[in-house]
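Undergrad: Data: start27.cif, mmCIF, N, CA, C and O atoms and all ligand atoms.
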data_work
loop_
_atom_site.label_atom_id
_atom_site.label_comp_id
_atom_site.auth_asym_id
_atom_site.auth_seq_id
_atom_site.Cartn_x
_atom_site.Cartn_y
_atom_site.Cartn_z
N MET A 28 132.53 112.87 112.75
CA MET A 28 133.54 111.93 112.30
C MET A 28 134.94 112.41 112.66
O MET A 28 135.26 113.57 112.44
N PRO A 29 135.77 111.55 113.20
CA PRO A 29 137.15 111.97 113.48
C PRO A 29 137.95 112.08 112.20
O PRO A 29 137.48 111.69 111.13
N GLY A 30 139.17 112.62 112.33
CA GLY A 30 140.08 112.60 111.20
C GLY A 30 140.63 111.19 111.03
O GLY A 30 140.22 110.26 111.72
N MET A 31 141.56 111.06 110.11
CA MET A 31 142.14 109.75 109.90
C MET A 31 143.12 109.42 111.01
O MET A 31 143.24 108.28 111.43
N PHE A 32 143.81 110.44 111.52
CA PHE A 32 144.87 110.21 112.49
C PHE A 32 144.55 110.77 113.87
O PHE A 32 145.09 110.32 114.86
N ILE A 33 143.72 111.77 113.91
CA ILE A 33 143.49 112.50 115.16
C ILE A 33 142.00 112.75 115.35
O ILE A 33 141.27 113.06 114.40
N ASP A 34 141.56 112.61 116.60
CA ASP A 34 140.24 113.10 116.95
C ASP A 34 140.42 114.05 118.14
O ASP A 34 141.36 113.90 118.93
N VAL A 35 139.57 115.03 118.23
CA VAL A 35 139.61 115.97 119.35
C VAL A 35 138.23 115.99 119.98
O VAL A 35 137.22 116.17 119.29
N ALA A 36 138.20 115.74 121.28
CA ALA A 36 136.94 115.72 122.01
C ALA A 36 136.94 116.87 123.01
O ALA A 36 137.92 117.10 123.70
N VAL A 37 135.85 117.59 123.05
CA VAL A 37 135.71 118.73 123.96
C VAL A 37 134.47 118.53 124.80
O VAL A 37 133.39 118.25 124.27
N ASP A 38 134.63 118.65 126.11
CA ASP A 38 133.47 118.53 127.00
C ASP A 38 132.44 119.60 126.64
O ASP A 38 132.79 120.74 126.33
N ASP A 39 131.17 119.22 126.75
CA ASP A 39 130.08 120.14 126.43
C ASP A 39 130.17 121.43 127.23
O ASP A 39 129.94 122.51 126.71
N ALA A 40 130.52 121.31 128.51
CA ALA A 40 130.56 122.49 129.37
C ALA A 40 131.56 123.52 128.82
O ALA A 40 131.33 124.72 128.89
N VAL A 41 132.65 123.02 128.27
CA VAL A 41 133.66 123.91 127.69
C VAL A 41 133.18 124.45 126.35
O VAL A 41 133.32 125.65 126.06
N ALA A 42 132.60 123.58 125.55
CA ALA A 42 132.12 124.00 124.23
C ALA A 42 131.06 125.10 124.35
O ALA A 42 130.95 125.99 123.50
N GLN A 43 130.29 125.05 125.41
CA GLN A 43 129.21 126.03 125.61
C GLN A 43 129.72 127.33 126.25
O GLN A 43 128.99 128.32 126.32
N ASP A 44 130.93 127.30 126.77
CA ASP A 44 131.49 128.46 127.48
C ASP A 44 132.14 129.38 126.45
O ASP A 44 133.20 129.08 125.90
N ARG A 45 131.51 130.50 126.18
CA ARG A 45 131.95 131.35 125.07
C ARG A 45 133.36 131.91 125.26
O ARG A 45 134.09 132.09 124.28
N GLU A 46 133.74 132.20 126.50
CA GLU A 46 135.10 132.70 126.75
C GLU A 46 136.14 131.62 126.42
O GLU A 46 137.13 131.88 125.74
N LEU A 47 135.88 130.43 126.93
CA LEU A 47 136.81 129.34 126.67
C LEU A 47 136.83 128.97 125.20
O LEU A 47 137.88 128.65 124.63
N ALA A 48 135.67 129.04 124.57
CA ALA A 48 135.59 128.73 123.14
C ALA A 48 136.50 129.67 122.36
O ALA A 48 137.28 129.25 121.51
N LYS A 49 136.42 130.95 122.67
CA LYS A 49 137.26 131.95 121.98
C LYS A 49 138.73 131.66 122.20
O LYS A 49 139.56 131.77 121.29
N LYS A 50 139.07 131.31 123.45
CA LYS A 50 140.45 131.02 123.79
C LYS A 50 140.97 129.84 122.96
O LYS A 50 142.09 129.88 122.44
N LEU A 51 140.16 128.82 122.82
CA LEU A 51 140.59 127.64 122.07
C LEU A 51 140.78 127.98 120.59
O LEU A 51 141.74 127.53 119.96
N VAL A 52 139.88 128.78 120.06
CA VAL A 52 140.02 129.20 118.66
C VAL A 52 141.34 129.95 118.50
O VAL A 52 142.07 129.76 117.52
N ASP A 53 141.67 130.79 119.48
CA ASP A 53 142.91 131.59 119.40
C ASP A 53 144.17 130.73 119.48
O ASP A 53 145.14 131.01 118.79
N VAL A 54 144.18 129.72 120.35
CA VAL A 54 145.44 129.01 120.58
C VAL A 54 145.79 128.03 119.47
O VAL A 54 146.97 127.77 119.22
N CYS A 55 144.81 127.48 118.79
CA CYS A 55 145.11 126.43 117.81
C CYS A 55 145.54 127.05 116.49
O CYS A 55 144.77 127.72 115.81
N ALA A 56 146.81 126.80 116.13
CA ALA A 56 147.39 127.41 114.94
C ALA A 56 146.84 126.81 113.64
O ALA A 56 147.03 127.37 112.57
N VAL A 57 146.22 125.65 113.75
CA VAL A 57 145.77 124.97 112.52
C VAL A 57 144.24 124.93 112.43
O VAL A 57 143.68 124.12 111.69
N ASP A 58 143.60 125.81 113.17
CA ASP A 58 142.15 126.04 113.02
C ASP A 58 141.29 124.80 113.21
O ASP A 58 140.33 124.58 112.46
N ILE A 59 141.62 124.05 114.21
CA ILE A 59 140.78 122.89 114.50
C ILE A 59 139.53 123.32 115.27
O ILE A 59 138.51 122.64 115.25
N PHE A 60 139.59 124.48 115.91
CA PHE A 60 138.42 125.01 116.62
C PHE A 60 137.87 126.22 115.89
O PHE A 60 138.60 127.03 115.35
N ALA A 61 136.55 126.32 115.90
CA ALA A 61 135.89 127.48 115.31
C ALA A 61 134.68 127.82 116.18
O ALA A 61 134.24 126.99 116.99
N LEU A 62 134.17 129.02 116.00
CA LEU A 62 132.97 129.42 116.74
C LEU A 62 131.73 129.20 115.89
O LEU A 62 131.71 129.53 114.70
N SER A 63 130.70 128.63 116.49
CA SER A 63 129.40 128.55 115.82
C SER A 63 128.77 129.93 115.83
O SER A 63 129.25 130.85 116.50
N ASP A 64 127.70 130.08 115.09
CA ASP A 64 127.01 131.38 115.03
C ASP A 64 126.61 131.88 116.41
O ASP A 64 126.59 133.09 116.67
N ASP A 65 126.30 130.96 117.31
CA ASP A 65 125.88 131.37 118.66
C ASP A 65 127.05 131.53 119.62
O ASP A 65 126.86 131.73 120.82
N GLY A 66 128.30 131.44 119.10
CA GLY A 66 129.46 131.69 119.95
C GLY A 66 129.97 130.46 120.68
O GLY A 66 130.97 130.53 121.38
N THR A 67 129.30 129.34 120.51
CA THR A 67 129.81 128.11 121.14
C THR A 67 130.85 127.48 120.21
O THR A 67 130.98 127.85 119.05
N LEU A 68 131.55 126.52 120.78
CA LEU A 68 132.69 125.95 120.06
C LEU A 68 132.27 124.81 119.14
O LEU A 68 131.44 123.99 119.49
N LYS A 69 132.89 124.79 117.98
CA LYS A 69 132.75 123.57 117.18
C LYS A 69 134.13 123.12 116.73
O LYS A 69 135.07 123.90 116.62
N VAL A 70 134.21 121.81 116.52
CA VAL A 70 135.46 121.21 116.05
C VAL A 70 135.37 121.10 114.54
O VAL A 70 134.37 120.62 114.00
N VAL A 71 136.40 121.59 113.87
CA VAL A 71 136.40 121.60 112.40
C VAL A 71 137.00 120.27 111.93
O VAL A 71 138.22 120.08 111.93
N GLU A 72 136.12 119.37 111.57
CA GLU A 72 136.56 117.99 111.32
C GLU A 72 137.56 117.88 110.18
O GLU A 72 138.50 117.09 110.25
N GLU A 73 137.40 118.70 109.15
CA GLU A 73 138.32 118.55 108.02
C GLU A 73 139.73 119.02 108.36
O GLU A 73 140.67 118.73 107.61
N ASN A 74 139.90 119.71 109.50
CA ASN A 74 141.25 120.15 109.89
C ASN A 74 141.90 119.24 110.93
O ASN A 74 143.05 119.46 111.31
N LEU A 75 141.18 118.24 111.40
CA LEU A 75 141.68 117.45 112.54
C LEU A 75 143.07 116.87 112.30
O LEU A 75 143.91 116.88 113.20
N ASP A 76 143.30 116.38 111.10
CA ASP A 76 144.58 115.73 110.84
C ASP A 76 145.73 116.71 110.72
O ASP A 76 146.89 116.31 110.60
N GLU A 77 145.44 118.02 110.76
CA GLU A 77 146.51 119.03 110.76
C GLU A 77 147.09 119.23 112.15
O GLU A 77 148.10 119.94 112.32
N CYS A 78 146.49 118.62 113.14
CA CYS A 78 146.94 118.82 114.53
C CYS A 78 148.42 118.52 114.67
O CYS A 78 148.91 117.51 114.19
N VAL A 79 149.14 119.46 115.33
CA VAL A 79 150.58 119.29 115.52
C VAL A 79 150.92 118.86 116.95
O VAL A 79 152.08 118.91 117.35
N LEU A 80 149.90 118.44 117.69
CA LEU A 80 150.09 117.93 119.05
C LEU A 80 150.85 118.92 119.92
O LEU A 80 151.73 118.55 120.69
N CYS A 81 150.52 120.21 119.78
CA CYS A 81 151.24 121.24 120.54
C CYS A 81 150.74 121.34 121.98
O CYS A 81 151.37 121.98 122.81
N ASP A 82 149.57 120.77 122.25
CA ASP A 82 149.00 120.74 123.61
C ASP A 82 148.50 122.10 124.11
O ASP A 82 148.13 122.22 125.27
N LEU A 83 148.54 123.13 123.27
CA LEU A 83 148.09 124.45 123.74
C LEU A 83 146.61 124.42 124.11
O LEU A 83 146.18 125.09 125.04
N CYS A 84 145.84 123.64 123.37
CA CYS A 84 144.41 123.56 123.69
C CYS A 84 144.19 122.88 125.03
O CYS A 84 143.28 123.24 125.78
N LEU A 85 145.03 121.90 125.35
CA LEU A 85 144.89 121.21 126.63
C LEU A 85 145.19 122.17 127.76
O LEU A 85 144.56 122.15 128.82
N GLN A 86 146.20 123.05 127.52
CA GLN A 86 146.59 124.00 128.56
C GLN A 86 145.57 125.13 128.71
O GLN A 86 145.45 125.72 129.77
N ALA A 87 144.82 125.39 127.65
CA ALA A 87 143.88 126.51 127.67
C ALA A 87 142.57 126.15 128.36
O ALA A 87 141.80 127.03 128.74
N ALA A 88 142.31 124.88 128.53
CA ALA A 88 141.04 124.43 129.08
C ALA A 88 141.27 123.76 130.43
O ALA A 88 142.39 123.36 130.74
N PRO A 89 140.23 123.64 131.24
CA PRO A 89 140.38 122.91 132.50
C PRO A 89 140.88 121.49 132.22
O PRO A 89 140.59 120.92 131.16
N GLU A 90 141.61 120.94 133.17
CA GLU A 90 142.23 119.65 132.95
C GLU A 90 141.21 118.59 132.52
O GLU A 90 140.17 118.44 133.15
N GLY A 91 141.52 117.89 131.45
CA GLY A 91 140.67 116.80 131.00
C GLY A 91 139.50 117.22 130.13
O GLY A 91 138.80 116.38 129.58
N ALA A 92 139.28 118.52 130.00
CA ALA A 92 138.10 118.99 129.27
C ALA A 92 138.28 118.91 127.75
O ALA A 92 137.31 118.80 127.01
N VAL A 93 139.53 118.99 127.31
CA VAL A 93 139.83 118.80 125.88
C VAL A 93 140.76 117.60 125.79
O VAL A 93 141.72 117.48 126.55
N ARG A 94 140.44 116.73 124.89
CA ARG A 94 141.28 115.54 124.70
C ARG A 94 141.67 115.42 123.23
O ARG A 94 140.82 115.52 122.36
N VAL A 95 142.96 115.28 123.01
CA VAL A 95 143.46 115.03 121.65
C VAL A 95 143.78 113.55 121.58
O VAL A 95 144.61 113.05 122.34
N ILE A 96 143.10 112.87 120.71
CA ILE A 96 143.17 111.41 120.70
C ILE A 96 143.88 110.96 119.42
O ILE A 96 143.44 111.28 118.31
N LYS A 97 144.97 110.24 119.61
CA LYS A 97 145.69 109.70 118.46
C LYS A 97 145.01 108.41 118.03
O LYS A 97 144.79 107.52 118.84
N LEU A 98 144.72 108.32 116.75
CA LEU A 98 144.01 107.15 116.25
C LEU A 98 144.97 106.16 115.60
O LEU A 98 144.57 105.26 114.90
N TYR A 99 146.25 106.36 115.83
CA TYR A 99 147.25 105.49 115.22
C TYR A 99 148.19 104.98 116.29
O TYR A 99 148.28 105.55 117.38
N GLU A 100 148.86 103.92 115.99
CA GLU A 100 149.86 103.36 116.88
C GLU A 100 151.17 104.07 116.63
O GLU A 100 151.52 104.33 115.49
N GLU A 101 151.92 104.39 117.70
CA GLU A 101 153.21 105.02 117.48
C GLU A 101 154.30 103.99 117.29
O GLU A 101 154.23 102.90 117.81
S1 LIG B 201 147.15 120.11 120.15
FE1 LIG B 201 147.60 122.11 119.17
S2 LIG B 201 147.24 121.77 117.00
FE2 LIG B 201 146.23 120.08 118.08
S3 LIG B 201 144.11 120.77 118.41
FE3 LIG B 201 145.27 121.38 120.22
S4 LIG B 201 145.96 123.47 119.83
FE4 LIG B 201 145.32 122.59 117.85
#
How does this structure look as structure tokens?

TA:
Amino acid sequence: MPGMFIDVAVDDAVAQDRELAKKLVDVCAVDIFALSDDGTLKVVEENLDECVLCDLCLQAAPEGAVRVIKLYEE
């Protein structure tokens, strides 16, 4: 389930890549990314609406692999 205002989508290839997963956990200041027990990435749904749109996760992953989706009209 997405948040009320923000959803974050991560390509499977990135989520399964343990190095990239760690990097994403490190860059997000509001803990939207976490590691599963097996080291793959999971999105922490209850934190989604804390996203500050800093784009660090977009820069940390290959282009287009992470998408921050605004669910509201500006
Ligand atoms: S844009 Fe920033 S705050 Fe939002 S998920 Fe990415 S790293 Fe976290």

Undergrad: Rounded to one decimal place, report the atom CA of A:Gly66-atom O of A:Gln43 distance in Å.

TA: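 The value is 7.2 Å.
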
Undergrad: Mind listing the residues within 7 Å of ligand LIG 201 (chain B), only C-alpha atoms and all ligand atoms counted, as a PyMOL selection string?

TA: chain A and resi 35+54-59+77-85+95

Undergrad: So that I can check the secondary structure, give me every residue of chain A assigned alpha helix (DSSP H) by backbone DSSP, as number ranges by chain.

TA: A: 39-42, 45-54, 83-87

Undergrad: By how many Å are atom N of A:Leu68 and atom C of A:Tyr99 apart?

TA: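 For atom N of A:Leu68 relative to atom C of A:Tyr99, the distance reads 27.6 Å.
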
Undergrad: Excluding A:Gly30 and any residue of its chain fewer than 2 positions from it, enumerate the residues within 6 Å of it, using only C-alpha atoms, and give them as a CSV table (one decimal) with N, CA, C and O atoms, in the coordinates of the input.

TA:
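Written output follows (selection_38.csv):
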chain,number,residue,atom,x,y,z
A,32,PHE,N,143.8,110.4,111.5
A,32,PHE,CA,144.9,110.2,112.5
A,32,PHE,C,144.6,110.8,113.9
A,32,PHE,O,145.1,110.3,114.9
A,33,ILE,N,143.7,111.8,113.9
A,33,ILE,CA,143.5,112.5,115.2
A,33,ILE,C,142.0,112.8,115.4
A,33,ILE,O,141.3,113.1,114.4
A,34,ASP,N,141.6,112.6,116.6
A,34,ASP,CA,140.2,113.1,117.0
A,34,ASP,C,140.4,114.0,118.1
A,34,ASP,O,141.4,113.9,118.9
A,75,LEU,N,141.2,118.2,111.4
A,75,LEU,CA,141.7,117.4,112.5
A,75,LEU,C,143.1,116.9,112.3
A,75,LEU,O,143.9,116.9,113.2
A,76,ASP,N,143.3,116.4,111.1
A,76,ASP,CA,144.6,115.7,110.8
A,76,ASP,C,145.7,116.7,110.7
A,76,ASP,O,146.9,116.3,110.6

Undergrad: For A:Arg45, please output as number ranges by chain all residues within 12 Å (counting only C-alpha atoms; exclusion window: fewer than 5 positions along the same chain).

TA: A: 39-40, 50-52, 61-69

Undergrad: Nearest residue to A:Ile96 out of A:Asp53, A:Phe60, A:Pro29, A:Asp38, using only C-alpha atoms?

TA: A:Pro29

Undergrad: Between atom CA of A:Val41 and atom CA of A:Pro89, measure the distance and give it in Å to one decimal.

TA: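 Value for the atom CA of A:Val41-atom CA of A:Pro89 distance: 8.3 Å.
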
Undergrad: Taking the backbone alone, and naming residues the way the document does, which bits of chain A are strand (DSSP E or B) by DSSP, as number ranges by chain?

TA: A: 33-37, 60-62, 68-70, 93-97

Undergrad: Rank nothing, just name the residue among A:Ala87, A:Met28, A:Val93, A:Ala36 nearest to A:Ala48, using all atoms listed in the file.

TA: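 Closest residue, counting all atoms listed in the file: A:Ala87.
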